[in-house]
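*Asks:* final_34.tsv is reproduced below (TSV, C-alpha atoms).
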```
chain	number	residue	atom	x	y	z
U	24	MET	CA	138.21	250.79	149.64
U	25	ALA	CA	134.99	252.69	149.43
U	26	ALA	CA	132.41	252.11	152.12
U	27	PRO	CA	129.12	250.62	150.92
U	28	SER	CA	126.21	253.05	150.83
U	29	VAL	CA	122.55	253.06	149.90
U	30	SER	CA	123.17	255.45	147.01
U	31	GLY	CA	125.95	253.24	145.64
U	32	LEU	CA	123.66	250.22	145.85
U	33	LEU	CA	120.86	252.12	144.12
U	34	ILE	CA	123.12	253.28	141.27
U	35	THR	CA	124.46	249.74	140.83
U	36	GLN	CA	120.94	248.29	140.71
U	37	ILE	CA	119.83	250.88	138.14
U	38	VAL	CA	122.81	250.21	135.88
U	39	ILE	CA	122.34	246.44	136.08
U	40	GLY	CA	118.60	246.85	135.48
U	41	VAL	CA	119.11	248.96	132.36
U	42	LEU	CA	121.69	246.56	130.95
U	43	SER	CA	119.44	243.58	131.70
U	44	ALA	CA	116.45	245.28	130.09
U	45	THR	CA	118.34	245.89	126.85
U	46	PHE	CA	119.24	242.20	126.65
U	47	LEU	CA	116.06	240.58	127.95
U	48	GLY	CA	113.69	242.58	125.75
U	49	VAL	CA	115.37	241.34	122.60
U	50	TYR	CA	115.96	237.85	123.99
U	51	CYS	CA	112.33	237.18	124.92
U	52	THR	CA	110.94	238.56	121.67
U	53	THR	CA	113.43	236.69	119.49
U	54	LEU	CA	112.89	233.43	121.31
U	55	ALA	CA	109.11	233.74	121.06
U	56	GLU	CA	109.24	234.52	117.33
U	57	MET	CA	111.25	231.36	116.64
U	58	PHE	CA	108.29	229.06	117.35
U	59	PRO	CA	104.83	228.72	115.79
U	60	LYS	CA	101.96	230.24	117.77
U	61	ARG	CA	100.38	226.86	118.39
U	62	SER	CA	103.31	225.46	120.38
U	63	ARG	CA	105.00	228.69	121.48
U	64	ALA	CA	104.47	228.41	125.24
U	65	THR	CA	105.65	224.81	125.50
U	66	SER	CA	108.60	225.36	123.17
U	67	LEU	CA	109.69	228.49	125.03
U	68	ALA	CA	109.48	226.74	128.38
U	69	VAL	CA	111.46	223.71	127.29
U	70	VAL	CA	114.20	225.63	125.45
U	71	ASN	CA	114.63	228.27	128.14
U	72	ASN	CA	114.70	225.77	131.01
U	73	VAL	CA	117.16	223.44	129.30
U	74	VAL	CA	119.55	226.29	128.46
U	75	VAL	CA	119.35	227.81	131.95
U	76	SER	CA	119.87	224.39	133.52
U	77	ILE	CA	122.93	223.60	131.42
U	78	PHE	CA	124.69	226.97	131.39
U	79	GLY	CA	123.48	228.27	134.75
U	80	GLY	CA	123.24	225.10	136.78
U	81	PHE	CA	126.58	223.69	135.74
U	82	ALA	CA	128.45	227.01	135.66
U	83	GLN	CA	130.15	226.38	139.01
U	84	THR	CA	131.25	222.93	137.89
U	85	PHE	CA	132.60	224.21	134.57
U	86	VAL	CA	134.43	227.12	136.17
U	87	THR	CA	135.95	224.90	138.88
U	88	TRP	CA	137.11	222.46	136.19
U	89	LEU	CA	138.60	225.33	134.19
U	90	ILE	CA	140.47	226.63	137.23
U	91	ILE	CA	141.73	223.36	138.69
U	92	ALA	CA	142.13	220.90	135.83
U	93	LEU	CA	142.58	222.92	132.69
U	94	THR	CA	144.25	226.28	133.31
U	95	GLY	CA	145.21	226.65	136.94
U	96	SER	CA	144.42	230.35	136.59
U	97	LEU	CA	141.95	232.25	138.76
U	98	LEU	CA	140.94	234.17	135.62
U	99	ALA	CA	139.34	231.03	134.15
U	100	PRO	CA	135.77	232.28	134.79
U	101	VAL	CA	136.46	234.97	132.21
U	102	LEU	CA	137.15	232.21	129.69
U	103	TYR	CA	133.72	230.68	130.47
U	104	VAL	CA	132.01	234.02	129.84
U	105	MET	CA	134.01	234.62	126.65
U	106	ILE	CA	133.01	231.21	125.28
U	107	GLY	CA	129.37	232.01	126.06
U	108	VAL	CA	129.63	235.37	124.30
U	109	ALA	CA	131.27	233.77	121.26
U	110	LEU	CA	128.53	231.13	121.01
U	111	SER	CA	125.86	233.83	121.34
U	112	LEU	CA	127.48	235.92	118.62
U	113	VAL	CA	127.59	232.97	116.23
U	114	ALA	CA	123.93	232.19	116.96
U	115	ALA	CA	122.92	235.83	116.39
U	116	LEU	CA	124.75	235.94	113.07
U	117	VAL	CA	123.15	232.71	111.85
U	118	LEU	CA	119.62	233.62	113.00
U	119	LYS	CA	117.23	234.43	110.17
U	120	PRO	CA	114.11	236.61	110.51
U	121	SER	CA	110.77	234.82	110.67
U	122	GLN	CA	108.31	234.92	107.80
U	123	ALA	CA	106.05	237.29	109.75
U	124	ALA	CA	108.93	239.66	110.41
U	125	GLN	CA	109.89	239.64	106.74
U	126	ARG	CA	106.29	240.50	105.74
U	127	GLU	CA	106.22	243.36	108.25
U	128	LEU	CA	109.50	244.74	106.93
U	129	ARG	CA	108.21	244.60	103.35
U	130	THR	CA	105.06	246.43	104.42
U	131	ILE	CA	107.06	249.13	106.18
U	132	TYR	CA	109.35	249.60	103.17
U	133	ARG	CA	106.36	249.91	100.84
U	134	MET	CA	104.88	252.63	103.05
U	135	MET	CA	108.07	254.70	102.78
```
Represent the structure contained in this file as structure tokens.

*Replies:*
Amino acid sequence: MAAPSVSGLLITQIVIGVLSATFLGVYCTTLAEMFPKRSRATSLAVVNNVVVSIFGGFAQTFVTWLIIALTGSLLAPVLYVMIGVALSLVAALVLKPSQAAQRELRTIYRMM
């Protein structure tokens, strides 16, 4: 096995940072656009905290249940991630642009 090094750690952190930035930029903007300006902060806080609590806080419990009770396979955490990806894909496909975004797109198309 390769010995850990500072350069390896730095490269790993950069790759994870770039991948996280591509996801979090879109995530934060999309989530903010889903709510009216008047209640945006409260709505964002509640939705984000509930989702993180359920899927992040109970992840160990779900994965342990998948390994011990359901599958018996040590690859069960992959199933948990795949289910999360599938749910995210369905949500992304169902998501409709906001009225403001539609107006902006119409304005951009008219300018072309």

*Asks:* Find the distance between atom CA of Tyr50 of chain U and atom CA of Leu128 of chain U and write it in Å to one decimal.

*Replies:*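 Separation of atom CA of Tyr50 of chain U and atom CA of Leu128 of chain U: 19.5 Å.
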
*Asks:* Using only C-alpha atoms, which residues sit within 12 Å of Pro120 of chain U once same-chain residues fewer than 2 positions away are excluded, as a ChimeraX atom specification?

*Replies:* /U:52-54,56-58,115-118,122-128

*Asks:* Just the residues within 12 Å of segment 77-87 of chain U, please, counting all atoms listed in the file, with nothing from its chain fewer than 5 positions along; format it as number ranges by chain.

*Replies:* U: 70-72, 92-104, 106-107, 110

*Asks:* Please compute the atom CA of Val108 of chain U-atom CA of Val41 of chain U distance, one decimal, in Å.

*Replies:*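 Between atom CA of Val108 of chain U and atom CA of Val41 of chain U the gap works out to 19.0 Å.
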
*Asks:* Tell me, in Å to one decimal, how far atom CA of Phe46 of chain U is from atom CA of Thr130 of chain U.

*Replies:* 26.7 Å

*Asks:* I'd like to know which of U:Met135, U:Val75, U:Ile90, U:Ala55 is closest to Ser121 of chain U, using all atoms listed in the file.

*Replies:*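 Result for the nearest residue to Ser121 of chain U: U:Ala55.
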
*Asks:* Regenerate segment 69-102 of chain U at the level of N, CA and C atoms and dump it as a PDB file, in the frame of the given file.

*Replies:*
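Below is the file selection.pdb, written as the result:
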```pdb
ATOM      1  N   VAL U  69     110.472 224.779 127.374  1.00  0.00           N
ATOM      2  CA  VAL U  69     111.460 223.710 127.290  1.00  0.00           C
ATOM      3  C   VAL U  69     112.841 224.270 126.929  1.00  0.00           C
ATOM      4  N   VAL U  70     112.901 225.092 125.884  1.00  0.00           N
ATOM      5  CA  VAL U  70     114.200 225.630 125.450  1.00  0.00           C
ATOM      6  C   VAL U  70     114.833 226.480 126.540  1.00  0.00           C
ATOM      7  N   ASN U  71     114.078 227.388 127.111  1.00  0.00           N
ATOM      8  CA  ASN U  71     114.630 228.270 128.140  1.00  0.00           C
ATOM      9  C   ASN U  71     115.104 227.489 129.356  1.00  0.00           C
ATOM     10  N   ASN U  72     114.320 226.533 129.819  1.00  0.00           N
ATOM     11  CA  ASN U  72     114.700 225.770 131.010  1.00  0.00           C
ATOM     12  C   ASN U  72     115.901 224.875 130.772  1.00  0.00           C
ATOM     13  N   VAL U  73     116.005 224.287 129.597  1.00  0.00           N
ATOM     14  CA  VAL U  73     117.160 223.440 129.300  1.00  0.00           C
ATOM     15  C   VAL U  73     118.435 224.285 129.251  1.00  0.00           C
ATOM     16  N   VAL U  74     118.367 225.425 128.573  1.00  0.00           N
ATOM     17  CA  VAL U  74     119.550 226.290 128.460  1.00  0.00           C
ATOM     18  C   VAL U  74     119.969 226.832 129.821  1.00  0.00           C
ATOM     19  N   VAL U  75     119.015 227.287 130.614  1.00  0.00           N
ATOM     20  CA  VAL U  75     119.350 227.810 131.950  1.00  0.00           C
ATOM     21  C   VAL U  75     119.906 226.701 132.835  1.00  0.00           C
ATOM     22  N   SER U  76     119.358 225.503 132.718  1.00  0.00           N
ATOM     23  CA  SER U  76     119.870 224.390 133.520  1.00  0.00           C
ATOM     24  C   SER U  76     121.304 224.038 133.148  1.00  0.00           C
ATOM     25  N   ILE U  77     121.581 223.990 131.854  1.00  0.00           N
ATOM     26  CA  ILE U  77     122.930 223.600 131.420  1.00  0.00           C
ATOM     27  C   ILE U  77     123.935 224.693 131.743  1.00  0.00           C
ATOM     28  N   PHE U  78     123.693 225.918 131.251  1.00  0.00           N
ATOM     29  CA  PHE U  78     124.690 226.970 131.390  1.00  0.00           C
ATOM     30  C   PHE U  78     124.674 227.647 132.755  1.00  0.00           C
ATOM     31  N   GLY U  79     123.541 227.674 133.415  1.00  0.00           N
ATOM     32  CA  GLY U  79     123.480 228.270 134.750  1.00  0.00           C
ATOM     33  C   GLY U  79     123.731 227.265 135.853  1.00  0.00           C
ATOM     34  N   GLY U  80     123.116 226.104 135.731  1.00  0.00           N
ATOM     35  CA  GLY U  80     123.240 225.100 136.780  1.00  0.00           C
ATOM     36  C   GLY U  80     124.618 224.469 136.875  1.00  0.00           C
ATOM     37  N   PHE U  81     125.263 224.307 135.737  1.00  0.00           N
ATOM     38  CA  PHE U  81     126.580 223.690 135.740  1.00  0.00           C
ATOM     39  C   PHE U  81     127.719 224.707 135.675  1.00  0.00           C
ATOM     40  N   ALA U  82     127.413 225.978 135.774  1.00  0.00           N
ATOM     41  CA  ALA U  82     128.450 227.010 135.660  1.00  0.00           C
ATOM     42  C   ALA U  82     129.537 226.831 136.718  1.00  0.00           C
ATOM     43  N   GLN U  83     129.152 226.551 137.954  1.00  0.00           N
ATOM     44  CA  GLN U  83     130.150 226.380 139.010  1.00  0.00           C
ATOM     45  C   GLN U  83     131.055 225.195 138.726  1.00  0.00           C
ATOM     46  N   THR U  84     130.466 224.113 138.216  1.00  0.00           N
ATOM     47  CA  THR U  84     131.250 222.930 137.890  1.00  0.00           C
ATOM     48  C   THR U  84     132.229 223.215 136.755  1.00  0.00           C
ATOM     49  N   PHE U  85     131.742 223.871 135.698  1.00  0.00           N
ATOM     50  CA  PHE U  85     132.600 224.210 134.570  1.00  0.00           C
ATOM     51  C   PHE U  85     133.741 225.133 134.982  1.00  0.00           C
ATOM     52  N   VAL U  86     133.416 226.145 135.770  1.00  0.00           N
ATOM     53  CA  VAL U  86     134.430 227.120 136.170  1.00  0.00           C
ATOM     54  C   VAL U  86     135.464 226.455 137.091  1.00  0.00           C
ATOM     55  N   THR U  87     135.014 225.617 138.012  1.00  0.00           N
ATOM     56  CA  THR U  87     135.950 224.900 138.880  1.00  0.00           C
ATOM     57  C   THR U  87     136.867 223.999 138.057  1.00  0.00           C
ATOM     58  N   TRP U  88     136.307 223.313 137.074  1.00  0.00           N
ATOM     59  CA  TRP U  88     137.110 222.460 136.190  1.00  0.00           C
ATOM     60  C   TRP U  88     138.117 223.302 135.414  1.00  0.00           C
ATOM     61  N   LEU U  89     137.682 224.464 134.922  1.00  0.00           N
ATOM     62  CA  LEU U  89     138.600 225.330 134.190  1.00  0.00           C
ATOM     63  C   LEU U  89     139.746 225.803 135.074  1.00  0.00           C
ATOM     64  N   ILE U  90     139.440 226.129 136.322  1.00  0.00           N
ATOM     65  CA  ILE U  90     140.470 226.630 137.230  1.00  0.00           C
ATOM     66  C   ILE U  90     141.430 225.514 137.638  1.00  0.00           C
ATOM     67  N   ILE U  91     140.894 224.407 138.102  1.00  0.00           N
ATOM     68  CA  ILE U  91     141.730 223.360 138.690  1.00  0.00           C
ATOM     69  C   ILE U  91     142.386 222.479 137.633  1.00  0.00           C
ATOM     70  N   ALA U  92     141.602 221.915 136.737  1.00  0.00           N
ATOM     71  CA  ALA U  92     142.130 220.900 135.830  1.00  0.00           C
ATOM     72  C   ALA U  92     142.738 221.461 134.547  1.00  0.00           C
ATOM     73  N   LEU U  93     142.171 222.503 134.022  1.00  0.00           N
ATOM     74  CA  LEU U  93     142.580 222.920 132.690  1.00  0.00           C
ATOM     75  C   LEU U  93     143.627 224.029 132.699  1.00  0.00           C
ATOM     76  N   THR U  94     143.353 225.121 133.413  1.00  0.00           N
ATOM     77  CA  THR U  94     144.250 226.280 133.310  1.00  0.00           C
ATOM     78  C   THR U  94     145.081 226.535 134.549  1.00  0.00           C
ATOM     79  N   GLY U  95     144.518 226.308 135.710  1.00  0.00           N
ATOM     80  CA  GLY U  95     145.210 226.650 136.940  1.00  0.00           C
ATOM     81  C   GLY U  95     145.172 228.138 137.242  1.00  0.00           C
ATOM     82  N   SER U  96     144.487 228.899 136.426  1.00  0.00           N
ATOM     83  CA  SER U  96     144.420 230.350 136.590  1.00  0.00           C
ATOM     84  C   SER U  96     143.101 230.753 137.242  1.00  0.00           C
ATOM     85  N   LEU U  97     143.165 231.743 138.126  1.00  0.00           N
ATOM     86  CA  LEU U  97     141.950 232.250 138.760  1.00  0.00           C
ATOM     87  C   LEU U  97     141.129 233.116 137.794  1.00  0.00           C
ATOM     88  N   LEU U  98     141.672 233.404 136.631  1.00  0.00           N
ATOM     89  CA  LEU U  98     140.940 234.170 135.620  1.00  0.00           C
ATOM     90  C   LEU U  98     140.132 233.258 134.688  1.00  0.00           C
ATOM     91  N   ALA U  99     140.072 231.980 134.985  1.00  0.00           N
ATOM     92  CA  ALA U  99     139.340 231.030 134.150  1.00  0.00           C
ATOM     93  C   ALA U  99     137.848 231.351 134.010  1.00  0.00           C
ATOM     94  N   PRO U 100     137.179 231.913 135.006  1.00  0.00           N
ATOM     95  CA  PRO U 100     135.770 232.280 134.790  1.00  0.00           C
ATOM     96  C   PRO U 100     135.573 233.238 133.626  1.00  0.00           C
ATOM     97  N   VAL U 101     136.556 234.064 133.350  1.00  0.00           N
ATOM     98  CA  VAL U 101     136.460 234.970 132.210  1.00  0.00           C
ATOM     99  C   VAL U 101     136.413 234.168 130.912  1.00  0.00           C
ATOM    100  N   LEU U 102     137.165 233.080 130.860  1.00  0.00           N
ATOM    101  CA  LEU U 102     137.150 232.210 129.690  1.00  0.00           C
ATOM    102  C   LEU U 102     135.755 231.625 129.478  1.00  0.00           C
TER     103      LEU U 102
END
```
